[in-house]
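J.: If you scroll down you'll find the structure; I have some questions about it.
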There are 2 protein chains.
Amino acid sequence: MKFEVFITLKKEVLDPQGKAIENALGSLGIQGIETVRQGKYFSIVIDEKEKNKAEKIVKTACQKLLANETIEEYSFKIVK
Amino acid sequence: MKFEVFITLKKEVLDPQGKAIENALGSLGIQGIETVRQGKYFSIVIDEKEKNKAEKIVKTACQKLLANETIEEYSFKIVK
């Protein structure tokens, strides 16, 4: 079962890397960019056919390793 | 107009960071992980109401800054 996992900074957390990208895009002459926020993306294949069990594995992976829940949020969806 | 942008390594490109995450998850005792591939995720707000124009801005940003098209692919979708 294949998952797409997204890790994003919580709304109230500043994103200096996103700000740097905004500025860089401005310097490159690309206009119309209002805000950029950066996150992480993972494509994860789980060796488990049962949806509930597979989701539990992904959730554990997010909580234990992929996301820092103090400042980040995670979400995921099944691709196939 | 808000976009979600995904940058992923091309299929044929090795992803050592993804491999490291696979191993780390194994070390943490999380079983059932087959493969992990890491990518980047951006949430971008464009100050443009016309869909075509907004998409063009995002595409330019991907090509000029966000993605390295030699080894990476980009995709995006409108969130709202």
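In the structure tokens, chains take letters A, B, ... by order of appearance, with residues numbered from 1 within each chain and ligands from 1 in the order shown.
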Just asking: which residues within chain B are alpha helix (DSSP H) according to DSSP, as a list in words?

T.: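 So, restricting chain B to alpha helix (DSSP H), we get Pro16, Gln17, Gly18, Lys19, Ala20, Ile21, Glu22, Asn23, Ala24, Leu25, Gly26, Ser27, Lys51, Asn52, Lys53, Ala54, Glu55, Lys56, Ile57, Val58, Lys59, Thr60 and Ala61 of chain B.
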
J.: Near chain A, which residues of chain B fall within 6 Å when you count only C-alpha atoms, and what do they look like as number ranges by chain?

T.: B: 32-47

J.: When DSSP works through the backbone of this structure, what residues of chain B end up as strand (DSSP E), shown as a short mmCIF file (atom, residue, chain, number, x, y, z; two decimals) with N, CA and C atoms, in the first residue's frame?

T.:
```cif
data_model
loop_
_atom_site.label_atom_id
_atom_site.label_comp_id
_atom_site.auth_asym_id
_atom_site.auth_seq_id
_atom_site.Cartn_x
_atom_site.Cartn_y
_atom_site.Cartn_z
N LYS B 2 -4.15 29.44 -3.89
CA LYS B 2 -3.18 28.67 -3.12
C LYS B 2 -2.82 27.37 -3.84
N PHE B 3 -1.52 27.11 -3.89
CA PHE B 3 -1.03 25.91 -4.57
C PHE B 3 -0.27 25.01 -3.61
N GLU B 4 -0.32 23.72 -3.87
CA GLU B 4 0.58 22.77 -3.23
C GLU B 4 1.54 22.28 -4.30
N VAL B 5 2.83 22.40 -4.01
CA VAL B 5 3.84 22.01 -5.00
C VAL B 5 4.65 20.85 -4.44
N PHE B 6 4.86 19.84 -5.26
CA PHE B 6 5.62 18.66 -4.85
C PHE B 6 6.83 18.50 -5.74
N ILE B 7 8.00 18.37 -5.13
CA ILE B 7 9.22 18.10 -5.89
C ILE B 7 9.71 16.72 -5.49
N THR B 8 9.84 15.84 -6.45
CA THR B 8 10.30 14.48 -6.14
C THR B 8 11.48 14.11 -7.03
N LEU B 9 12.32 13.24 -6.52
CA LEU B 9 13.41 12.73 -7.34
C LEU B 9 12.84 11.88 -8.46
N ILE B 33 7.78 -1.40 6.67
CA ILE B 33 8.16 -0.33 5.73
C ILE B 33 8.91 -0.97 4.55
N GLU B 34 8.41 -0.78 3.35
CA GLU B 34 9.07 -1.37 2.19
C GLU B 34 10.06 -0.38 1.58
N THR B 35 9.57 0.77 1.16
CA THR B 35 10.47 1.81 0.65
C THR B 35 10.01 3.19 1.12
N VAL B 36 10.99 4.08 1.27
CA VAL B 36 10.71 5.48 1.59
C VAL B 36 11.46 6.32 0.57
N ARG B 37 10.79 7.28 -0.02
CA ARG B 37 11.47 8.25 -0.87
C ARG B 37 11.08 9.65 -0.39
N GLN B 38 12.11 10.49 -0.26
CA GLN B 38 11.84 11.82 0.27
C GLN B 38 11.73 12.84 -0.84
N GLY B 39 10.86 13.80 -0.62
CA GLY B 39 10.72 14.89 -1.58
C GLY B 39 10.54 16.19 -0.85
N LYS B 40 10.20 17.23 -1.59
CA LYS B 40 9.96 18.52 -0.96
C LYS B 40 8.52 18.94 -1.22
N TYR B 41 8.02 19.74 -0.33
CA TYR B 41 6.64 20.18 -0.42
C TYR B 41 6.62 21.69 -0.16
N PHE B 42 5.89 22.42 -0.98
CA PHE B 42 5.76 23.86 -0.76
C PHE B 42 4.29 24.24 -0.83
N SER B 43 3.91 25.11 0.06
CA SER B 43 2.58 25.70 -0.01
C SER B 43 2.79 27.14 -0.45
N ILE B 44 2.27 27.48 -1.61
CA ILE B 44 2.54 28.79 -2.20
C ILE B 44 1.24 29.54 -2.47
N VAL B 45 1.18 30.77 -1.98
CA VAL B 45 0.01 31.61 -2.27
C VAL B 45 0.39 32.62 -3.34
N ILE B 46 -0.40 32.63 -4.42
CA ILE B 46 -0.13 33.52 -5.55
C ILE B 46 -1.17 34.63 -5.55
N GLU B 72 15.15 15.98 -10.73
CA GLU B 72 13.86 16.07 -10.02
C GLU B 72 12.69 16.36 -10.96
N GLU B 73 11.51 16.02 -10.48
CA GLU B 73 10.27 16.33 -11.20
C GLU B 73 9.39 17.19 -10.29
N TYR B 74 8.61 18.04 -10.89
CA TYR B 74 7.68 18.81 -10.06
C TYR B 74 6.24 18.59 -10.50
N SER B 75 5.36 18.76 -9.56
CA SER B 75 3.93 18.74 -9.88
C SER B 75 3.25 19.68 -8.90
N PHE B 76 2.10 20.19 -9.28
CA PHE B 76 1.39 21.07 -8.35
C PHE B 76 -0.10 20.97 -8.56
N LYS B 77 -0.83 21.37 -7.55
CA LYS B 77 -2.29 21.43 -7.69
C LYS B 77 -2.82 22.63 -6.92
N ILE B 78 -3.95 23.11 -7.37
CA ILE B 78 -4.59 24.25 -6.71
C ILE B 78 -5.37 23.73 -5.50
#
```

J.: Work out how far apart CA of Thr70 in chain B and CA of Gln17 in chain B are and give it in Å to one decimal.

T.: 18.0 Å

J.: If I take CA of Ile71 in chain B and CA of Lys11 in chain B, how far is one from the other in Å, to one decimal?

T.: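 CA of Ile71 in chain B sits 9.0 Å away from CA of Lys11 in chain B.
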
J.: Tell me, in Å to one decimal, how far CA of Ala67 in chain A is from CA of Asp15 in chain B.

T.: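 Value for the CA of Ala67 in chain A-CA of Asp15 in chain B distance: 19.2 Å.
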